[in-house]
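S.K.: Next comes final-v4.csv, CSV, C-alpha atoms:
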chain,number,residue,atom,x,y,z
A,1,MET,CA,0.0,0.0,0.0
A,2,LYS,CA,3.0,2.3,0.3
A,3,ASN,CA,3.2,2.8,-3.4
A,4,ALA,CA,-0.5,3.6,-3.5
A,5,LEU,CA,0.0,6.2,-0.7
A,6,ARG,CA,2.8,7.8,-2.6
A,7,PHE,CA,0.8,7.9,-5.8
A,8,LEU,CA,-2.4,9.2,-4.3
A,9,ILE,CA,-0.9,11.9,-2.1
A,10,ARG,CA,-0.9,14.1,-5.1
A,11,SER,CA,-4.7,14.2,-5.0
A,12,HIS,CA,-4.9,15.0,-1.3
A,13,TRP,CA,-2.2,17.5,-0.5
A,14,PRO,CA,-3.9,20.2,-2.6
A,15,VAL,CA,-6.9,20.0,-0.3
A,16,VAL,CA,-4.7,21.0,2.7
A,17,VAL,CA,-2.6,23.6,0.8
A,18,SER,CA,-5.7,25.2,-0.7
A,19,PHE,CA,-7.4,25.5,2.7
A,20,LEU,CA,-4.2,26.9,4.3
A,21,ILE,CA,-4.1,29.6,1.6
A,22,TYR,CA,-7.8,30.3,2.1
A,23,GLY,CA,-7.3,30.5,5.8
A,24,GLY,CA,-4.3,32.8,5.5
A,25,VAL,CA,-6.2,35.2,3.3
A,26,MET,CA,-9.3,35.2,5.6
A,27,MET,CA,-7.2,35.8,8.7
A,28,ALA,CA,-5.4,38.8,7.0
A,29,TYR,CA,-8.9,40.1,6.1
A,30,ALA,CA,-10.1,39.7,9.7
A,31,ALA,CA,-6.9,41.3,11.1
A,32,THR,CA,-7.5,44.5,9.0
A,33,GLY,CA,-11.1,44.8,10.3
A,34,GLY,CA,-12.7,43.5,7.1
A,35,THR,CA,-15.2,41.3,8.9
A,36,ARG,CA,-16.9,44.4,10.4
A,37,SER,CA,-18.2,45.3,7.0
A,38,ASP,CA,-20.7,43.6,4.7
A,39,GLY,CA,-18.3,42.9,1.9
A,40,ILE,CA,-18.2,39.7,-0.2
A,41,LEU,CA,-15.1,38.5,1.6
A,42,THR,CA,-17.0,38.7,4.9
A,43,THR,CA,-19.4,36.1,3.4
A,44,TYR,CA,-16.4,33.9,2.6
A,45,TYR,CA,-15.1,34.3,6.1
A,46,TYR,CA,-18.3,32.8,7.6
A,47,LEU,CA,-18.1,29.9,5.1
A,48,PHE,CA,-14.9,28.9,6.8
A,49,PRO,CA,-16.2,25.5,8.3
A,50,LEU,CA,-17.6,24.5,4.9
A,51,VAL,CA,-14.4,25.1,2.8
A,52,PRO,CA,-12.5,21.9,3.8
A,53,ALA,CA,-15.5,19.8,2.9
A,54,LEU,CA,-16.0,21.6,-0.3
A,55,PHE,CA,-12.3,21.3,-1.4
A,56,LEU,CA,-12.3,17.6,-0.4
A,57,SER,CA,-15.5,17.0,-2.4
A,58,ILE,CA,-14.0,18.5,-5.5
A,59,PHE,CA,-10.8,16.6,-5.3
A,60,GLN,CA,-12.4,13.3,-4.4
A,61,PHE,CA,-14.9,13.5,-7.3
A,62,SER,CA,-12.2,14.2,-9.8
A,63,SER,CA,-9.7,11.7,-8.5
A,64,GLY,CA,-12.3,8.9,-8.6
A,65,THR,CA,-12.3,9.0,-12.3
A,66,ALA,CA,-8.7,10.1,-13.1
A,67,TYR,CA,-6.4,8.3,-10.6
A,68,LEU,CA,-8.0,4.8,-10.2
A,69,SER,CA,-7.3,3.8,-13.8
A,70,MET,CA,-3.8,5.2,-13.7
A,71,ALA,CA,-3.1,3.4,-10.4
A,72,LEU,CA,-4.4,0.0,-11.7
A,73,SER,CA,-2.4,0.4,-15.0
A,74,MET,CA,0.8,0.8,-13.0
A,75,GLY,CA,0.2,-2.4,-11.0
A,76,CYS,CA,-1.6,-1.1,-7.9
A,77,THR,CA,-4.2,-3.5,-6.5
A,78,ARG,CA,-7.7,-2.4,-6.0
A,79,ARG,CA,-7.5,-3.1,-2.3
A,80,ALA,CA,-4.3,-1.0,-1.9
A,81,TYR,CA,-5.9,1.8,-3.9
A,82,PHE,CA,-9.0,1.8,-1.7
A,83,GLY,CA,-7.1,1.6,1.5
A,84,ALA,CA,-4.6,4.3,0.6
A,85,ASN,CA,-7.4,6.6,-0.5
A,86,GLN,CA,-9.2,6.1,2.8
A,87,VAL,CA,-6.1,6.7,4.9
A,88,LEU,CA,-5.2,9.9,3.1
A,89,MET,CA,-8.8,11.1,3.2
A,90,VAL,CA,-8.9,10.7,7.0
A,91,LEU,CA,-5.6,12.4,7.4
A,92,SER,CA,-6.7,15.3,5.2
A,93,VAL,CA,-9.8,15.7,7.2
A,94,LEU,CA,-7.9,15.7,10.5
A,95,VAL,CA,-5.3,18.2,9.3
A,96,ASN,CA,-7.9,20.5,8.1
A,97,TRP,CA,-9.8,20.2,11.3
A,98,VAL,CA,-6.7,21.2,13.3
A,99,LEU,CA,-6.2,24.2,10.9
A,100,THR,CA,-9.9,25.2,11.4
A,101,ALA,CA,-9.5,25.2,15.1
A,102,LEU,CA,-6.3,27.2,14.8
A,103,PHE,CA,-8.0,29.8,12.6
A,104,LEU,CA,-11.0,29.9,14.9
A,105,PHE,CA,-9.1,30.8,18.0
A,106,LEU,CA,-6.3,32.8,16.4
A,107,PRO,CA,-8.0,36.2,16.6
A,108,GLN,CA,-8.7,35.6,20.3
A,109,TRP,CA,-5.1,34.5,21.1
A,110,LEU,CA,-3.7,37.6,19.2
A,111,GLY,CA,-6.1,40.0,20.9
A,112,TRP,CA,-7.8,41.2,17.7
A,113,GLN,CA,-10.7,43.5,18.6
A,114,GLY,CA,-14.1,43.2,17.0
A,115,VAL,CA,-13.5,39.9,15.1
A,116,GLU,CA,-16.5,37.6,15.4
A,117,PRO,CA,-15.8,33.8,15.4
A,118,PHE,CA,-16.8,32.3,12.1
A,119,MET,CA,-18.5,29.3,13.9
A,120,PRO,CA,-19.3,28.3,17.5
A,121,ALA,CA,-16.6,26.3,19.2
A,122,ALA,CA,-19.2,23.7,20.1
A,123,ALA,CA,-19.4,22.7,16.4
A,124,LEU,CA,-15.7,21.8,16.2
A,125,PRO,CA,-16.0,18.1,17.5
A,126,LEU,CA,-18.6,17.5,14.8
A,127,LEU,CA,-16.7,18.8,11.8
A,128,PRO,CA,-14.4,15.8,11.1
A,129,LEU,CA,-17.2,13.3,10.9
A,130,VAL,CA,-19.5,15.3,8.6
A,131,THR,CA,-16.6,16.5,6.5
A,132,LEU,CA,-15.5,12.9,6.0
A,133,ALA,CA,-19.1,11.9,5.1
A,134,VAL,CA,-19.0,14.6,2.3
A,135,GLY,CA,-15.6,13.2,1.1
A,136,GLU,CA,-17.0,9.6,1.0
A,137,CYS,CA,-20.1,10.6,-1.0
A,138,SER,CA,-17.9,12.6,-3.4
A,139,SER,CA,-15.5,9.7,-3.9
A,140,ALA,CA,-18.4,7.3,-4.5
A,141,ALA,CA,-19.8,9.8,-7.1
A,142,GLY,CA,-16.4,9.9,-8.9
A,143,LEU,CA,-16.2,6.1,-9.0
A,144,LEU,CA,-19.8,5.7,-10.2
A,145,ARG,CA,-19.3,8.3,-13.0
A,146,ARG,CA,-16.8,5.9,-14.6
A,147,GLU,CA,-19.6,3.5,-15.6
A,148,HIS,CA,-22.8,5.4,-14.9
A,149,ALA,CA,-22.7,9.1,-15.5
A,150,VAL,CA,-26.2,9.8,-14.3
A,151,LEU,CA,-25.7,7.8,-11.1
A,152,GLY,CA,-22.5,9.7,-10.5
A,153,VAL,CA,-24.3,13.0,-10.7
A,154,VAL,CA,-27.0,11.7,-8.4
A,155,CYS,CA,-24.4,10.5,-5.9
A,156,TYR,CA,-22.7,13.9,-6.1
A,157,GLY,CA,-26.1,15.4,-5.2
A,158,VAL,CA,-26.0,13.2,-2.1
A,159,ALA,CA,-22.6,14.8,-1.2
A,160,PHE,CA,-24.2,18.2,-1.6
A,161,VAL,CA,-27.0,17.2,0.9
A,162,ALA,CA,-24.3,16.1,3.4
A,163,LEU,CA,-22.6,19.5,2.8
A,164,MET,CA,-25.8,21.3,3.5
A,165,CYS,CA,-26.3,19.3,6.7
A,166,LEU,CA,-22.9,20.5,7.8
A,167,ALA,CA,-23.8,24.1,7.0
A,168,VAL,CA,-27.0,24.0,9.1
A,169,LEU,CA,-25.4,21.9,11.8
A,170,VAL,CA,-22.7,24.6,12.4
A,171,GLN,CA,-25.4,27.2,12.9
A,172,VAL,CA,-27.8,25.3,15.2
A,173,VAL,CA,-25.4,23.3,17.4
A,174,LYS,CA,-24.9,26.2,19.8
A,175,GLN,CA,-28.7,26.5,20.4
A,176,VAL,CA,-29.7,22.9,21.1
A,177,TRP,CA,-32.3,24.2,23.6
A,178,LEU,CA,-34.0,25.9,20.7
A,179,TRP,CA,-33.6,23.3,17.9
A,180,GLY,CA,-34.1,20.2,20.0
A,181,ASP,CA,-33.0,17.0,18.2
A,182,LEU,CA,-32.2,18.8,14.9
A,183,PRO,CA,-28.4,18.7,15.4
A,184,ALA,CA,-28.5,15.0,16.2
A,185,ILE,CA,-30.7,14.3,13.2
A,186,LEU,CA,-28.4,16.2,10.8
A,187,LEU,CA,-25.3,14.4,12.2
A,188,SER,CA,-27.1,11.0,11.8
A,189,VAL,CA,-28.1,11.8,8.3
A,190,SER,CA,-24.6,12.7,7.3
A,191,VAL,CA,-23.1,9.6,8.9
A,192,ILE,CA,-25.7,7.3,7.2
A,193,LEU,CA,-25.0,8.9,3.8
A,194,GLY,CA,-21.3,8.5,4.3
A,195,VAL,CA,-21.5,4.8,5.3
A,196,LEU,CA,-23.8,4.1,2.3
A,197,CYS,CA,-21.4,5.8,-0.1
A,198,LEU,CA,-18.5,3.9,1.5
A,199,VAL,CA,-20.3,0.7,0.5
A,200,VAL,CA,-20.6,2.0,-3.0
A,201,GLU,CA,-16.9,2.9,-3.1
A,202,VAL,CA,-16.0,-0.7,-2.1
A,203,GLN,CA,-18.2,-2.2,-4.8
A,204,GLN,CA,-17.1,0.2,-7.5
A,205,THR,CA,-13.4,-0.3,-6.7
A,206,ARG,CA,-13.7,-4.1,-6.8
A,207,GLN,CA,-15.4,-3.9,-10.2
A,208,ALA,CA,-13.1,-1.3,-11.7
A,209,VAL,CA,-11.2,-2.0,-14.9
A,210,VAL,CA,-8.4,-0.1,-16.6
A,211,ARG,CA,-9.6,2.3,-19.2
Produce structure tokens that represent the structure in this file.
M.R.:
Amino acid sequence: MKNALRFLIRSHWPVVVSFLIYGGVMMAYAATGGTRSDGILTTYYYLFPLVPALFLSIFQFSSGTAYLSMALSMGCTRRAYFGANQVLMVLSVLVNWVLTALFLFLPQWLGWQGVEPFMPAAALPLLPLVTLAVGECSSAAGLLRREHAVLGVVCYGVAFVALMCLAVLVQVVKQVWLWGDLPAILLSVSVILGVLCLVVEVQQTRQAVVR
């Protein structure tokens, strides 16, 4: 699996690098007081918790069609490819989670005045699980697209549903007293979607042929 890890890392490191650049730009914007205005960058600032999931979704969807055939043609086994992709996806999610926490608390640590947090800290523990669910759905969509274009698009729509669950979850988790079971329902829906798509990934990887 080592060779598969070395091969697939090219499809995962851009997720982390892209988020690091995004976070740096948003922190610079916050440091200069930009978040106090209603500019378009302020909107992007409050999208912070969704960005890792969005980047992961894009890269997983594209790598499902591009990299699997390349890996198989170079002698990589299907099991090694699947295992390496899962390992790197989890690592990518965890690294981006740590970066999100860093960016969340950085204004407070540095004493920046008037900078509102882009999400409640209570939502942090939920981010990795839901972000991973989005990644699994997108990976399944990319693999499905190899044989069934329509099913691939439908599955990518499922990833979008998981992403929307994350968006709402981040907003309501701080007010459980108001929303009742909604946070738990959204989390459960995301996990179920992720598990179902993981099953699709296993099936599609097993059936994959070199194209």
S.K.: Around (-11.5, 16.9, -0.2), as given in the file, which residues come within 8 Å? Count all atoms listed in the file and list them as a PyMOL selection string.
M.R.: chain A and resi 12+15+52-60+89+92-93+135
S.K.: Could you work out how far atom CA of A:Val202 lies from atom CA of A:Val168, giving the answer in Å with one decimal?
M.R.: 29.3 Å
S.K.: Show which residues sit within 12 Å of A:Gly157, as an MDAnalysis selection string. Count only C-alpha atoms, and ignore same-chain residues fewer than 2 positions away.
M.R.: chainID A and resid 57 61 134 137:138 140:142 150:155 159:164 193 197
S.K.: Using all atoms listed in the file, which of A:Trp112, A:Tyr67, A:Tyr45, A:Phe82 sits nearest A:Gly24?
M.R.: A:Tyr45
S.K.: Name all residues at most 8 Å from A:Thr205 (count all atoms listed in the file; drop same-chain ones fewer than 5 positions away) and give them as a VMD selection string.
M.R.: chain A and resid 78 to 79 82 143
S.K.: Atom CA of A:Leu166 and atom CA of A:Gly114, how far apart in Å?
M.R.: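 These two atoms are separated by 26.0 Å.
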S.K.: List as a list in words the protein and nucleic acid residues near A:Leu99, meaning an atom at most 10 Å away when only C-alpha atoms are counted, but skip any in the same chain fewer than 3 places from it.
M.R.: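 Here the qualifying residues turn out to be Val16, Phe19, Leu20, Gly23, Pro52, Val93, Leu94, Val95, Asn96, Leu102, Phe103 and Leu104 of chain A.
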S.K.: Of the candidates A:Glu147, A:Gln207, A:Gly194, A:Val115, which shows the shortest atom-to-atom distance to A:Gly33, using only C-alpha atoms?
M.R.: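 That would be A:Val115, the residue with the smallest distance to A:Gly33.
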